[in-house]
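Asks: So here's final.txt, just compact mmCIF, C-alpha atoms and all ligand atoms:
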# COMPACT_ATOMS: atom_id res chain seq x y z
CA MET F 1 -6.38 -5.31 5.07
CA PRO F 2 -2.65 -5.44 5.87
CA ARG F 3 -0.74 -2.46 4.58
CA PRO F 4 1.43 -3.23 1.53
CA ASN F 5 5.17 -3.33 2.16
CA THR F 6 7.25 -0.26 1.51
CA PRO F 7 9.95 -0.76 -1.17
CA GLU F 8 12.50 -0.70 1.68
CA ILE F 9 10.76 -3.58 3.53
CA ASP F 10 10.56 -5.47 0.22
CA LEU F 11 14.31 -5.05 -0.13
CA PHE F 12 14.85 -6.43 3.39
CA GLU F 13 12.56 -9.38 2.73
CA ARG F 14 14.66 -10.17 -0.34
CA GLY F 15 17.71 -10.40 1.93
CA VAL F 16 19.22 -6.97 1.29
CA LEU F 17 20.25 -5.71 4.72
CA VAL F 18 22.09 -2.60 3.58
CA ARG F 19 21.94 -0.69 0.34
CA LEU F 20 23.76 2.60 -0.01
CA SER F 21 23.31 4.63 -3.18
CA GLY F 22 25.39 7.76 -3.73
CA VAL F 23 25.77 8.38 0.01
CA ASN F 24 27.87 11.27 1.31
CA ALA F 25 28.48 11.76 5.03
CA GLY F 26 30.89 13.55 7.31
CA TYR F 27 31.41 15.72 10.35
CA GLY F 28 30.81 19.48 10.52
CA ALA F 29 32.14 21.09 7.37
CA ALA F 30 34.14 17.99 6.39
CA THR F 31 32.72 15.43 3.96
CA VAL F 32 34.46 12.15 4.79
CA LEU F 33 32.45 9.54 2.84
CA VAL F 34 31.94 10.27 -0.83
CA GLY F 35 29.41 8.73 -3.21
CA LEU F 36 29.19 5.35 -1.46
CA GLU F 37 27.63 2.48 -3.39
CA PHE F 38 27.45 -0.58 -1.16
CA GLU F 39 25.29 -3.57 -0.51
CA SER F 40 25.28 -6.21 2.22
CA ARG F 41 23.00 -9.24 2.18
CA ALA F 42 21.86 -11.69 4.80
CA GLY F 43 24.40 -14.49 5.11
CA GLU F 44 27.22 -12.46 3.55
CA VAL F 45 30.40 -11.07 5.03
CA ALA F 46 31.97 -7.82 3.81
CA LEU F 47 35.53 -6.85 4.70
CA VAL F 48 36.35 -3.16 4.21
CA THR F 49 40.07 -2.44 4.29
CA GLY F 50 41.97 0.79 3.87
CA PRO F 51 44.73 2.93 5.35
CA ALA F 52 44.46 5.06 8.49
CA ALA F 53 41.98 7.94 8.15
CA ALA F 54 40.43 6.42 5.00
CA GLY F 55 36.96 6.62 6.54
CA LYS F 56 36.36 3.06 7.80
CA THR F 57 35.19 4.03 11.28
CA THR F 58 33.04 6.78 9.79
CA PHE F 59 31.51 4.13 7.50
CA MET F 60 30.74 2.00 10.55
CA HIS F 61 29.12 5.01 12.25
CA LEU F 62 26.94 5.47 9.18
CA LEU F 63 25.89 1.80 9.16
CA ARG F 64 25.10 1.81 12.88
CA LEU F 65 23.01 4.97 12.48
CA ALA F 66 25.30 7.13 14.61
CA LEU F 67 25.87 9.39 11.60
CA GLU F 68 23.23 10.50 9.12
CA PRO F 69 23.73 10.47 5.37
CA ARG F 70 24.00 14.03 4.02
CA SER F 71 22.84 13.03 0.59
CA GLY F 72 22.09 9.88 -1.34
CA ARG F 73 19.98 7.02 -0.03
CA ALA F 74 20.80 4.64 2.80
CA VAL F 75 18.41 1.73 3.30
CA ILE F 76 19.33 -0.29 6.38
CA LEU F 77 17.25 -3.23 7.67
CA GLY F 78 14.22 -2.19 5.69
CA GLN F 79 14.24 1.53 6.47
CA ASP F 80 15.40 4.59 4.57
CA VAL F 81 17.42 5.79 7.55
CA GLY F 82 18.02 9.28 6.22
CA ARG F 83 14.27 9.87 6.35
CA ALA F 84 13.15 7.66 9.20
CA ARG F 85 11.79 9.10 12.45
CA ALA F 86 13.79 8.86 15.67
CA ARG F 87 11.66 5.95 16.90
CA THR F 88 12.17 3.94 13.73
CA ARG F 89 15.91 4.65 13.80
CA ALA F 90 16.07 3.47 17.42
CA ALA F 91 14.26 0.25 16.46
CA VAL F 92 16.73 -0.37 13.60
CA LYS F 93 19.68 0.29 15.94
CA ARG F 94 18.46 -2.42 18.30
CA ARG F 95 18.82 -4.95 15.49
CA ILE F 96 22.47 -4.08 14.89
CA GLY F 97 25.35 -5.62 16.88
CA TYR F 98 28.38 -3.37 17.04
CA VAL F 99 31.91 -4.29 18.04
CA ALA F 100 33.68 -0.97 18.62
CA GLU F 101 37.36 -0.34 17.89
CA ASN F 102 37.92 0.15 21.63
CA PRO F 103 35.07 -1.65 23.36
CA VAL F 104 33.87 -0.10 26.59
CA PHE F 105 32.80 -2.41 29.42
CA ILE F 106 31.84 -2.15 33.04
CA GLU F 107 35.31 -3.13 34.21
CA GLN F 108 34.31 -4.44 37.63
CA TRP F 109 31.72 -6.80 36.23
CA THR F 110 32.59 -10.26 34.94
CA ALA F 111 32.87 -10.83 31.22
CA PHE F 112 29.74 -13.01 31.53
CA ASP F 113 27.69 -10.15 33.02
CA ASN F 114 28.99 -7.68 30.45
CA ILE F 115 28.04 -10.07 27.64
CA ALA F 116 24.58 -10.48 29.16
CA MET F 117 24.05 -6.71 29.35
CA PRO F 118 22.02 -6.35 26.09
CA LEU F 119 19.70 -9.12 27.30
CA ARG F 120 19.24 -7.47 30.70
CA MET F 121 18.41 -4.26 28.89
CA LEU F 122 15.70 -6.15 27.02
CA GLY F 123 14.26 -7.02 30.44
CA LYS F 124 15.37 -10.68 30.51
CA LYS F 125 16.09 -12.38 33.81
CA PRO F 126 19.34 -14.32 34.51
CA ARG F 127 17.53 -17.67 34.46
CA GLU F 128 16.19 -16.81 30.99
CA TYR F 129 19.52 -15.84 29.47
CA ALA F 130 22.14 -17.88 31.39
CA ASP F 131 22.25 -20.79 28.92
CA ASP F 132 22.35 -18.53 25.87
CA VAL F 133 25.20 -16.47 27.34
CA ARG F 134 27.18 -19.65 28.22
CA GLU F 135 26.71 -20.76 24.62
CA LEU F 136 28.07 -17.43 23.38
CA VAL F 137 31.01 -17.69 25.78
CA ASP F 138 31.83 -21.10 24.28
CA PHE F 139 31.28 -19.83 20.75
CA VAL F 140 33.83 -17.02 21.11
CA GLY F 141 36.24 -19.27 23.03
CA LEU F 142 36.33 -17.26 26.24
CA ASN F 143 35.79 -20.33 28.42
CA ASP F 144 36.83 -19.80 32.05
CA ALA F 145 37.86 -16.18 31.42
CA ALA F 146 34.13 -15.39 31.25
CA ASP F 147 33.95 -15.55 35.03
CA LEU F 148 36.78 -13.06 35.56
CA THR F 149 36.16 -9.36 35.87
CA ILE F 150 36.73 -7.72 32.49
CA GLU F 151 39.72 -5.71 33.78
CA LYS F 152 41.66 -8.98 34.13
CA LEU F 153 41.21 -10.02 30.47
CA SER F 154 43.89 -9.74 27.76
CA GLY F 155 43.29 -7.54 24.71
CA ALA F 156 42.30 -10.55 22.57
CA GLU F 157 39.91 -11.81 25.26
CA ARG F 158 38.30 -8.36 25.54
CA HIS F 159 37.64 -8.47 21.79
CA ARG F 160 36.10 -11.92 22.15
CA ALA F 161 33.89 -10.60 24.94
CA ALA F 162 32.91 -7.59 22.81
CA ILE F 163 31.93 -9.92 19.96
CA ALA F 164 29.89 -12.12 22.28
CA ARG F 165 28.10 -9.04 23.66
CA ALA F 166 27.39 -7.77 20.14
CA LEU F 167 25.82 -11.14 19.26
CA ALA F 168 23.78 -11.51 22.46
CA ALA F 169 20.56 -9.96 21.18
CA LYS F 170 20.76 -11.98 17.92
CA PRO F 171 21.23 -8.97 15.62
CA ASP F 172 20.41 -9.04 11.90
CA LEU F 173 23.51 -7.00 11.09
CA ILE F 174 26.89 -7.26 12.82
CA LEU F 175 29.47 -4.50 12.48
CA ALA F 176 33.02 -4.95 13.73
CA ASP F 177 35.44 -2.04 13.61
CA ASP F 178 39.05 -3.17 13.58
CA PRO F 179 38.29 -6.28 15.66
CA THR F 180 41.80 -7.70 15.24
CA ALA F 181 43.71 -4.61 16.42
CA GLY F 182 46.60 -5.48 18.73
CA MET F 183 46.27 -9.22 18.11
CA SER F 184 48.76 -11.70 16.71
CA PRO F 185 48.04 -12.55 13.04
CA ALA F 186 46.79 -16.01 14.10
CA ASP F 187 44.40 -14.57 16.72
CA GLY F 188 43.21 -11.94 14.24
CA ARG F 189 42.36 -14.56 11.65
CA ARG F 190 40.52 -16.62 14.26
CA ILE F 191 38.45 -13.59 15.20
CA VAL F 192 37.50 -12.87 11.58
CA ARG F 193 36.56 -16.53 11.05
CA LEU F 194 34.42 -16.36 14.18
CA LEU F 195 32.59 -13.26 12.96
CA ALA F 196 32.21 -14.80 9.51
CA GLU F 197 30.50 -17.83 11.10
CA MET F 198 27.53 -15.58 11.83
CA ARG F 199 26.57 -15.75 8.18
CA ARG F 200 25.39 -19.28 8.87
CA VAL F 201 22.55 -17.95 11.01
CA GLY F 202 21.59 -15.52 8.27
CA ALA F 203 23.13 -12.37 9.71
CA GLY F 204 25.05 -9.89 7.58
CA VAL F 205 28.55 -9.09 8.80
CA VAL F 206 30.66 -6.03 7.96
CA ILE F 207 34.24 -5.89 9.22
CA ALA F 208 36.58 -2.90 8.91
CA SER F 209 40.34 -3.30 9.15
CA GLN F 210 43.63 -1.90 7.88
CA ASP F 211 44.76 -5.48 7.23
CA ASP F 212 44.26 -6.63 3.61
CA SER F 213 45.61 -10.08 4.45
CA LEU F 214 42.38 -10.93 6.29
CA ALA F 215 40.60 -11.18 2.94
CA ASP F 216 41.44 -14.85 2.44
CA CYS F 217 40.51 -16.21 5.85
CA ALA F 218 36.79 -16.67 5.14
CA PRO F 219 34.42 -16.45 2.16
CA LEU F 220 33.75 -12.72 1.98
CA ASN F 221 33.33 -9.74 -0.28
CA HIS F 222 36.40 -7.54 -0.02
CA TRP F 223 35.98 -3.79 -0.42
CA ARG F 224 38.60 -1.06 -0.24
CA MET F 225 38.10 2.34 1.33
CA ASP F 226 40.42 5.11 0.22
CA ARG F 227 39.91 8.79 1.04
CA GLY F 228 36.27 8.14 1.74
CA ARG F 229 35.57 6.24 -1.48
CA LEU F 230 34.54 2.60 -1.46
CA THR F 231 35.34 0.16 -4.29
CA PRO F 232 35.21 -3.62 -4.64
CA ALA F 233 38.76 -4.91 -4.09
CA PHE F 234 38.71 -7.62 -6.76
CA GLY F 235 36.39 -6.84 -9.61
CA VAL F 236 32.70 -6.76 -8.83
CA PRO F 237 31.65 -8.84 -5.82
CA ALA F 238 28.79 -11.29 -6.17
CA GLN F 239 26.53 -9.09 -4.09
CA ALA F 240 27.05 -6.06 -6.32
CA GLU F 241 26.36 -8.15 -9.42
CA ALA F 242 23.05 -9.07 -7.87
CA MET F 243 22.05 -5.42 -7.33
CA GLU F 244 18.92 -4.54 -9.15
N1 LIG F 301 34.35 13.23 15.07
C1 LIG F 301 35.06 13.69 14.03
N2 LIG F 301 35.02 14.99 13.66
C2 LIG F 301 35.71 15.43 12.60
N3 LIG F 301 36.46 14.65 11.79
C3 LIG F 301 36.55 13.36 12.11
C4 LIG F 301 35.86 12.79 13.22
N4 LIG F 301 36.12 11.46 13.28
C5 LIG F 301 36.94 11.21 12.23
N5 LIG F 301 37.20 12.34 11.53
C6 LIG F 301 38.04 12.43 10.32
O1 LIG F 301 37.45 11.60 9.34
C7 LIG F 301 38.48 10.99 8.56
C8 LIG F 301 38.25 9.50 8.55
O2 LIG F 301 38.44 8.99 9.88
P1 LIG F 301 38.06 7.50 10.28
O3 LIG F 301 38.28 7.37 11.74
O4 LIG F 301 36.74 7.19 9.72
O5 LIG F 301 39.19 6.69 9.48
P2 LIG F 301 39.63 5.17 9.62
O6 LIG F 301 39.77 4.65 8.22
O7 LIG F 301 38.70 4.44 10.54
O8 LIG F 301 41.05 5.27 10.28
P3 LIG F 301 41.81 4.22 11.26
O9 LIG F 301 42.14 3.02 10.43
O10 LIG F 301 43.03 4.98 11.67
O11 LIG F 301 40.90 3.91 12.41
C9 LIG F 301 39.81 11.40 9.18
O12 LIG F 301 40.34 12.45 8.39
C10 LIG F 301 39.42 11.87 10.53
O13 LIG F 301 40.30 12.89 10.99
Could I get this structure in the form of structure tokens?

Replies:
Amino acid sequence: MPRPNTPEIDLFERGVLVRLSGVNAGYGAATVLVGLEFESRAGEVALVTGPAAAGKTTFMHLLRLALEPRSGRAVILGQDVGRARARTRAAVKRRIGYVAENPVFIEQWTAFDNIAMPLRMLGKKPREYADDVRELVDFVGLNDAADLTIEKLSGAERHRAAIARALAAKPDLILADDPTAGMSPADGRRIVRLLAEMRRVGAGVVIASQDDSLADCAPLNHWRMDRGRLTPAFGVPAQAEAME
């Protein structure tokens, strides 16, 4: 007899990728995130905006399981991550694509090889992943720059490469921390649209930024973070209405 699903797996199967209920988190003695209520569903994009030091990066660390909730309940990709064992947490992490604020690459490698890194780590051979990586390169618009070593890329191209790398292993949840930093407004909007496209393959996307003006460049749920508290920016987003 198959074991019945846990309530957390049931939630995932109903398309709820993240559900935070009353979550507090922080560093050392400092509580940075306070009483978070948040939900992200498959095929939805969330934009979290707020001023410097509001807690956006800390929120990303919580979602990518680099920071544990101190209290409350955090269900991410079908697991109560505050209670899960190290092995389960590691398995959840592998299903999350993360675009860091300052992406770190192997500078002497080409963008193509850096993008392929997650696939190599899964044990795939170049002939198995070459077409998929080329497709990603096209998708993010890196084109010929993919064959240059990363150190030669512009800031915007590095972000495109970081996005392609985060998508390589086909994650269920994509997190992008300030992906438009240092870009022109037009480039920034293109990047957000690109990330938002991932909803079409059923992924959930969460983007953090200081820039409120990004809210109208794709269909998304806009949240504001202020002093560690998260609120829907315009009334109650569709996803929160659907919370059971
Ligand atoms: N490793 C850490 N240890 C202690 N405090 C930290 C740590 N990282 C961040 N903080 C503090 O947590 C608070 C929130 O920082 P966080 O980086 O999450 O904000 P942010 O909204 O991402 O800011 P920005 O838009 O400038 O990137 C700040 O007061 C910051 O000083």

Asks: Which residue gives the smallest distance to Asp80 of chain F among F:Ala100, F:Ile106, F:Val45, F:Ile9, with all atoms listed in the file counted?

Replies: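 With all atoms listed in the file as the atom set, the closest residue is F:Ile9.
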
Asks: Excluding Arg83 of chain F and any residue of its chain fewer than 2 positions from it, enumerate the residues within 10 Å of it, using all atoms listed in the file, and give them as a PDB file with C-alpha atoms, in the frame of the given file.

Replies:
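Listed below is the output, around_29.pdb:
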ATOM      1  CA  GLU F  68      23.230  10.500   9.120  1.00  0.00           C
ATOM      2  CA  PRO F  69      23.730  10.470   5.370  1.00  0.00           C
ATOM      3  CA  ARG F  73      19.980   7.020  -0.030  1.00  0.00           C
ATOM      4  CA  ALA F  74      20.800   4.640   2.800  1.00  0.00           C
ATOM      5  CA  VAL F  75      18.410   1.730   3.300  1.00  0.00           C
ATOM      6  CA  GLN F  79      14.240   1.530   6.470  1.00  0.00           C
ATOM      7  CA  ASP F  80      15.400   4.590   4.570  1.00  0.00           C
ATOM      8  CA  VAL F  81      17.420   5.790   7.550  1.00  0.00           C
ATOM      9  CA  ARG F  85      11.790   9.100  12.450  1.00  0.00           C
ATOM     10  CA  ALA F  86      13.790   8.860  15.670  1.00  0.00           C
ATOM     11  CA  THR F  88      12.170   3.940  13.730  1.00  0.00           C
ATOM     12  CA  ARG F  89      15.910   4.650  13.800  1.00  0.00           C
TER      13      ARG F  89
END

Asks: Go through F:Lys93, F:Arg200, F:Arg193, F:Arg227 one by one, measure the shortest atom-to-atom distance of each to ligand LIG 301 (chain F) using all atoms listed in the file, and give the residue with the smallest value.

Replies: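 Selected residue with least distance to ligand LIG 301 (chain F): F:Arg227.
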
Asks: Could you list the protein, DNA and RNA residues that have any atom within 6 Å of ligand LIG 301 (chain F), counting only C-alpha atoms and all ligand atoms, and write them as JSON, numbers by chain?

Replies: {"F": [27, 32, 51, 52, 53, 54, 55, 56, 57, 58, 210]}

Asks: Those residues with C-alpha atoms, as a CSV table (one decimal), in the coordinates of the input please?

Replies:
chain,number,residue,atom,x,y,z
F,27,TYR,CA,31.4,15.7,10.4
F,32,VAL,CA,34.5,12.2,4.8
F,51,PRO,CA,44.7,2.9,5.4
F,52,ALA,CA,44.5,5.1,8.5
F,53,ALA,CA,42.0,7.9,8.2
F,54,ALA,CA,40.4,6.4,5.0
F,55,GLY,CA,37.0,6.6,6.5
F,56,LYS,CA,36.4,3.1,7.8
F,57,THR,CA,35.2,4.0,11.3
F,58,THR,CA,33.0,6.8,9.8
F,210,GLN,CA,43.6,-1.9,7.9

Asks: To one decimal place, how far is atom CA of Ala25 of chain F from atom CA of Gly228 of chain F in Å?

Replies: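 These two atoms are separated by 9.2 Å.
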
Asks: Work out how far apart atom CA of Gly97 of chain F and atom CA of Met60 of chain F are and give it in Å to one decimal.

Replies: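 Separation between atom CA of Gly97 of chain F and atom CA of Met60 of chain F: 11.3 Å.
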
Asks: Could you produce a table of the residues of segment 197-243 of chain F lying within 12 Å of segment 151-168 of chain F, with the nearest pair of atoms per residue and their separation in Å rounded to one decimal, using all atoms listed in the file, ordered by chain and increasing residue number, as CSV?

Replies:
residue,atom,partner,partner_atom,distance
F:Glu197,CA,F:Leu167,CA,11.5
F:Met198,CA,F:Leu167,CA,8.8
F:Val201,CA,F:Leu167,CA,11.2
F:Ala203,CA,F:Leu167,CA,10.0
F:Gly204,CA,F:Leu167,CA,11.8
F:Val205,CA,F:Leu167,CA,11.0
F:Ile207,CA,F:Ile163,CA,11.7

Asks: F:Ala42, F:Lys124, F:Val34, F:Ala218: which is nearest Glu13 of chain F, counting only C-alpha atoms?

Replies: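 Of F:Ala42, F:Lys124, F:Val34, F:Ala218, the one nearest Glu13 of chain F, counting only C-alpha atoms, is F:Ala42.
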
Asks: Rounded to one decimal in Å, what is the spacing between atom CA of Leu65 of chain F and atom CA of Gly28 of chain F?

Replies: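 About the pair atom CA of Leu65 of chain F and atom CA of Gly28 of chain F: they are 16.6 Å apart.
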
Asks: Show me the residues close to (19.1, -2.2, 13.5) - anything with an atom within 8 Å, counting only C-alpha atoms - and format the list as a PyMOL selection string.

Replies: chain F and resi 64+76-77+89-97+171-173
